[in-house]
Amino acid sequence: MTLLPQTHHPDVTGFFDEATNTVTYLVADPATGEAAIIDPVLDYDAAAARTSTASIERVLNAVTSRGLKLVRVLETHAHADHLTGADEIRSRTGVPIGIGHNITKVQKVFGNLFDAHDVTPDAIVFDETYSEGDRFNIGSLEVRVLHTPGHTPACVSYVVGDSVFVGDTLFMPDFGTARCDFPGGDARTLYRSIHKILALPEETRVFVGHDYLPEGRSDYQWETTVAAEKRENIHIGQGRGEDDFVALREARDAGLSAPRLILPALQVNIRAGALPPAEENGKRFIKLPLNAL
């Protein structure tokens, strides 16, 4: 095993939101104190249609208490299972929000579904959009972007030193891989995206975007390695072939129900976490289009 220099080892803290099974990451450069937040959560009580910022406060308090300098908020994709806290963080700190460049495809589909006239091709919703191979820095740490579609067309993974943040593309080895039945999703595309991740050095730390508790496990986990995914992932490990994976993934997707928060989440997340604009009475509304899913 070849170990990367310590300067390539980001300090990673995961914040698990049990309400949505989402992991938000605070990724810091030990050398400079610069940091990024990946996939933040805006808390949402669906029954009361009420948002709150407790999850955001936890992460920002860690930034402050550790004396870090926040430089970016990064999204791995437009999430269907939680509302993003990216816009709230941007409004408080002024840092830019980045996401994969194919977010425009997702915005087009769901902008039409929700009749979101403010989400247009020329609207500046995200500050930065990334394509395959794009690079930027968090302090002395180089971040490399992998375009990893399949779950959605806009999914990206962020390679930061010896670590990769894969969003919903891969889960812990005992849970498998992402669903591919959302608009623009495709199991064959996901298979090829996952193999981009599995081509990284085997010692690469893999940080997943969610964790659920499969039978036989009682503790939430969100860090594994490329080697463990290649060896143990129940959907794609042990060299499973593409056709076999596609058949497995499509059969599994056929039995899945829609995520509980998909309609609230996507109309907020295509806006980078900003709430829908106020109506004539001054109130903001979450729309629930009937028979649309």
# chains A, B, ... in the order shown; residues from 1 in each chain; ligands from 1

$ residues_around --residues "Ile38 (chain A)" --least-positions-apart "5" --cutoff "10 Å" --atoms "only C-alpha atoms" --output "list in words"
Gly14, Val23, Thr24, Tyr25, Leu26, Val27, Arg72, Val73, Leu74, Glu75, Thr76, Ala86, Ile97, Gly98, Tyr158, Phe165, Gly167 and Gly209 of chain A

$ residues_around --residues "Glu88 (chain A)" --least-positions-apart "6" --cutoff "10 Å" --atoms "only C-alpha atoms" --output "JSON, numbers by chain"
{"A": [40, 41, 42, 53, 56, 94, 272, 273, 274, 275]}

$ residues_around --residues "Arg249 (chain A)" --least-positions-apart "4" --cutoff "9 Å" --atoms "only C-alpha atoms" --output "list of chain:residue names"
A:Thr177, A:Ala178, A:Arg179, A:Cys180, A:Ala187, A:His235, A:Asp244, A:Phe245, A:Asp253, A:Ala254

$ closest_residue --among "A:Ala265, A:Ala49, A:Leu248, A:Met172" --to "Tyr220 (chain A)" --atoms "only C-alpha atoms"
A:Met172

$ closest_residue --among "A:Phe15, A:Ile37, A:Ser65, A:Arg271" --to "Trp222 (chain A)" --atoms "only C-alpha atoms"
A:Phe15

$ select_by_dssp --residues "region 41-239 of chain A" --states "strand (DSSP E or B)" --output "VMD selection string"
chain A and resid 41 to 45 50 to 52 69 to 74 83 to 84 97 to 100 128 to 130 135 to 138 141 to 147 156 to 160 163 to 165 170 177 205 to 207 210 223 to 225

$ write_last_selection --atoms "C-alpha atoms" --output "compact mmCIF listing (two decimals), in the first residue's frame"
# COMPACT_ATOMS: atom_id res chain seq x y z
CA VAL A 41 -29.19 19.93 5.51
CA LEU A 42 -31.96 22.46 6.08
CA ASP A 43 -34.29 20.89 8.64
CA TYR A 44 -37.88 20.52 7.48
CA ASP A 45 -40.97 19.46 9.44
CA ARG A 50 -41.72 24.55 8.82
CA THR A 51 -38.00 24.93 8.20
CA SER A 52 -35.34 25.31 10.85
CA LYS A 69 -12.13 29.64 7.33
CA LEU A 70 -15.09 28.45 5.27
CA VAL A 71 -14.44 28.92 1.53
CA ARG A 72 -17.13 26.84 -0.25
CA VAL A 73 -20.34 24.90 0.02
CA LEU A 74 -20.38 21.88 -2.29
CA LEU A 83 -33.74 20.16 1.70
CA THR A 84 -30.27 21.63 1.26
CA ILE A 97 -22.09 27.18 -3.80
CA GLY A 98 -20.79 24.62 -6.32
CA ILE A 99 -22.52 21.69 -8.03
CA GLY A 100 -22.19 19.57 -11.18
CA GLU A 128 -20.01 27.52 -9.65
CA THR A 129 -20.76 24.46 -11.78
CA TYR A 130 -18.19 21.73 -12.37
CA ARG A 135 -9.92 21.30 -10.16
CA PHE A 136 -9.89 23.88 -7.39
CA ASN A 137 -8.37 24.17 -3.94
CA ILE A 138 -9.39 24.14 -0.31
CA LEU A 141 -5.71 20.58 -0.75
CA GLU A 142 -6.51 20.08 -4.40
CA VAL A 143 -10.09 19.07 -5.19
CA ARG A 144 -10.70 17.09 -8.39
CA VAL A 145 -14.21 16.64 -9.77
CA LEU A 146 -15.48 13.33 -11.10
CA HIS A 147 -18.72 13.43 -13.07
CA VAL A 156 -20.47 14.60 -9.09
CA SER A 157 -17.95 13.17 -6.64
CA TYR A 158 -15.19 15.26 -5.09
CA VAL A 159 -11.70 13.77 -4.74
CA VAL A 160 -9.92 15.68 -1.97
CA SER A 163 -10.54 11.00 0.17
CA VAL A 164 -13.56 10.97 -2.13
CA PHE A 165 -17.05 12.25 -1.33
CA LEU A 170 -22.24 4.49 -3.52
CA THR A 177 -25.62 1.59 -4.45
CA ARG A 205 -11.20 6.92 1.96
CA VAL A 206 -14.79 6.85 0.66
CA PHE A 207 -17.34 9.10 2.38
CA HIS A 210 -26.33 8.57 3.47
CA GLU A 223 -16.62 6.04 5.95
CA THR A 224 -15.18 3.09 4.04
CA THR A 225 -12.43 2.59 1.42

$ select_by_dssp --residues "region 68-224 of chain A" --states "helix (DSSP H, G or I)" --output "JSON list (two decimals) with C-alpha atoms, in the first residue's frame"
[["chain", "number", "residue", "atom", "x", "y", "z"],
["A", 86, "ALA", "CA", -26.53, 25.63, 1.03],
["A", 87, "ASP", "CA", -28.32, 28.93, 0.44],
["A", 88, "GLU", "CA", -28.67, 29.58, 4.16],
["A", 89, "ILE", "CA", -24.93, 29.07, 4.62],
["A", 90, "ARG", "CA", -24.16, 31.30, 1.63],
["A", 91, "SER", "CA", -26.41, 34.07, 3.00],
["A", 92, "ARG", "CA", -24.61, 33.95, 6.35],
["A", 93, "THR", "CA", -21.03, 33.60, 5.17],
["A", 103, "ILE", "CA", -27.81, 20.65, -12.75],
["A", 104, "THR", "CA", -29.49, 22.55, -15.59],
["A", 105, "LYS", "CA", -31.03, 19.26, -16.80],
["A", 106, "VAL", "CA", -32.50, 18.65, -13.36],
["A", 107, "GLN", "CA", -33.69, 22.25, -13.11],
["A", 108, "LYS", "CA", -35.46, 21.97, -16.46],
["A", 109, "VAL", "CA", -37.40, 18.84, -15.49],
["A", 110, "PHE", "CA", -38.40, 19.93, -12.02],
["A", 111, "GLY", "CA", -38.73, 23.60, -12.83],
["A", 112, "ASN", "CA", -41.44, 22.63, -15.30],
["A", 113, "LEU", "CA", -43.06, 20.25, -12.80],
["A", 187, "ALA", "CA", -28.36, 2.03, -14.01],
["A", 188, "ARG", "CA", -25.85, 1.40, -16.79],
["A", 189, "THR", "CA", -24.53, 4.93, -16.43],
["A", 190, "LEU", "CA", -24.29, 4.46, -12.66],
["A", 191, "TYR", "CA", -22.25, 1.29, -13.10],
["A", 192, "ARG", "CA", -19.70, 3.15, -15.21],
["A", 193, "SER", "CA", -19.62, 6.09, -12.80],
["A", 194, "ILE", "CA", -18.96, 3.80, -9.86],
["A", 195, "HIS", "CA", -16.03, 2.29, -11.69],
["A", 196, "LYS", "CA", -14.47, 5.75, -11.95],
["A", 197, "ILE", "CA", -14.50, 5.78, -8.16],
["A", 198, "LEU", "CA", -13.25, 2.21, -7.88]]

$ atom_distance --atom1 "CA of His101 (chain A)" --atom2 "CA of Gly184 (chain A)"
14.0 Å

$ residues_around --residues "Pro10 (chain A)" --least-positions-apart "3" --cutoff "7 Å" --atoms "only C-alpha atoms" --output "list in words"
Val27, Ala28, Asp29, Pro30 and Gly161 of chain A

$ residues_around --residues "Gly139 (chain A)" --least-positions-apart "3" --cutoff "8 Å" --atoms "only C-alpha atoms" --output "list in words"
Asp29, Ala31, Thr32, Gly33, Glu34, Ala35 and Glu142 of chain A

$ closest_residue --among "A:Ala48, A:Ala62, A:Pro214, A:Thr120" --to "Thr13 (chain A)" --atoms "only C-alpha atoms"
A:Ala62

$ residues_around --residues "Asp186 (chain A)" --least-positions-apart "5" --cutoff "9 Å" --atoms "only C-alpha atoms" --output "MDAnalysis selection string"
chainID A and resid 149:153 179:181 191 246 250

$ decode --residues "region 66-83 of chain A" --atoms "N, CA and C atoms" --output "PDB file, in the first residue's frame"
ATOM      1  N   ARG A  66     -13.409  25.649  15.791  1.00  0.00           N
ATOM      2  CA  ARG A  66     -12.102  25.148  15.359  1.00  0.00           C
ATOM      3  C   ARG A  66     -11.274  26.214  14.660  1.00  0.00           C
ATOM      4  N   GLY A  67     -11.815  27.419  14.556  1.00  0.00           N
ATOM      5  CA  GLY A  67     -11.064  28.508  13.944  1.00  0.00           C
ATOM      6  C   GLY A  67     -10.831  28.319  12.460  1.00  0.00           C
ATOM      7  N   LEU A  68     -11.763  27.673  11.771  1.00  0.00           N
ATOM      8  CA  LEU A  68     -11.607  27.405  10.344  1.00  0.00           C
ATOM      9  C   LEU A  68     -12.126  28.576   9.511  1.00  0.00           C
ATOM     10  N   LYS A  69     -11.660  28.645   8.290  1.00  0.00           N
ATOM     11  CA  LYS A  69     -12.134  29.640   7.330  1.00  0.00           C
ATOM     12  C   LYS A  69     -12.931  28.913   6.257  1.00  0.00           C
ATOM     13  N   LEU A  70     -14.235  29.103   6.251  1.00  0.00           N
ATOM     14  CA  LEU A  70     -15.091  28.447   5.265  1.00  0.00           C
ATOM     15  C   LEU A  70     -14.931  29.126   3.907  1.00  0.00           C
ATOM     16  N   VAL A  71     -14.676  28.332   2.854  1.00  0.00           N
ATOM     17  CA  VAL A  71     -14.444  28.919   1.533  1.00  0.00           C
ATOM     18  C   VAL A  71     -15.436  28.436   0.478  1.00  0.00           C
ATOM     19  N   ARG A  72     -16.187  27.354   0.741  1.00  0.00           N
ATOM     20  CA  ARG A  72     -17.128  26.838  -0.253  1.00  0.00           C
ATOM     21  C   ARG A  72     -18.193  25.977   0.413  1.00  0.00           C
ATOM     22  N   VAL A  73     -19.350  25.940  -0.240  1.00  0.00           N
ATOM     23  CA  VAL A  73     -20.344  24.901   0.016  1.00  0.00           C
ATOM     24  C   VAL A  73     -20.442  24.075  -1.262  1.00  0.00           C
ATOM     25  N   LEU A  74     -20.357  22.759  -1.133  1.00  0.00           N
ATOM     26  CA  LEU A  74     -20.376  21.875  -2.293  1.00  0.00           C
ATOM     27  C   LEU A  74     -21.570  20.937  -2.211  1.00  0.00           C
ATOM     28  N   GLU A  75     -22.247  20.788  -3.329  1.00  0.00           N
ATOM     29  CA  GLU A  75     -23.344  19.827  -3.450  1.00  0.00           C
ATOM     30  C   GLU A  75     -22.903  18.698  -4.373  1.00  0.00           C
ATOM     31  N   THR A  76     -23.196  17.461  -3.968  1.00  0.00           N
ATOM     32  CA  THR A  76     -22.906  16.341  -4.863  1.00  0.00           C
ATOM     33  C   THR A  76     -23.980  16.182  -5.927  1.00  0.00           C
ATOM     34  N   HIS A  77     -25.208  16.674  -5.654  1.00  0.00           N
ATOM     35  CA  HIS A  77     -26.313  16.625  -6.622  1.00  0.00           C
ATOM     36  C   HIS A  77     -27.500  17.350  -6.004  1.00  0.00           C
ATOM     37  N   ALA A  78     -28.596  17.431  -6.752  1.00  0.00           N
ATOM     38  CA  ALA A  78     -29.842  17.980  -6.213  1.00  0.00           C
ATOM     39  C   ALA A  78     -30.570  16.849  -5.498  1.00  0.00           C
ATOM     40  N   HIS A  79     -30.633  16.910  -4.201  1.00  0.00           N
ATOM     41  CA  HIS A  79     -31.107  15.806  -3.375  1.00  0.00           C
ATOM     42  C   HIS A  79     -32.629  15.683  -3.414  1.00  0.00           C
ATOM     43  N   ALA A  80     -33.103  14.445  -3.312  1.00  0.00           N
ATOM     44  CA  ALA A  80     -34.544  14.184  -3.279  1.00  0.00           C
ATOM     45  C   ALA A  80     -35.028  13.791  -1.892  1.00  0.00           C
ATOM     46  N   ASP A  81     -34.129  13.703  -0.934  1.00  0.00           N
ATOM     47  CA  ASP A  81     -34.514  13.199   0.383  1.00  0.00           C
ATOM     48  C   ASP A  81     -34.346  14.212   1.499  1.00  0.00           C
ATOM     49  N   HIS A  82     -33.761  15.350   1.201  1.00  0.00           N
ATOM     50  CA  HIS A  82     -33.675  16.411   2.199  1.00  0.00           C
ATOM     51  C   HIS A  82     -33.544  17.754   1.502  1.00  0.00           C
ATOM     52  N   LEU A  83     -33.923  18.810   2.203  1.00  0.00           N
ATOM     53  CA  LEU A  83     -33.737  20.162   1.704  1.00  0.00           C
ATOM     54  C   LEU A  83     -32.300  20.575   1.996  1.00  0.00           C
TER      55      LEU A  83
END
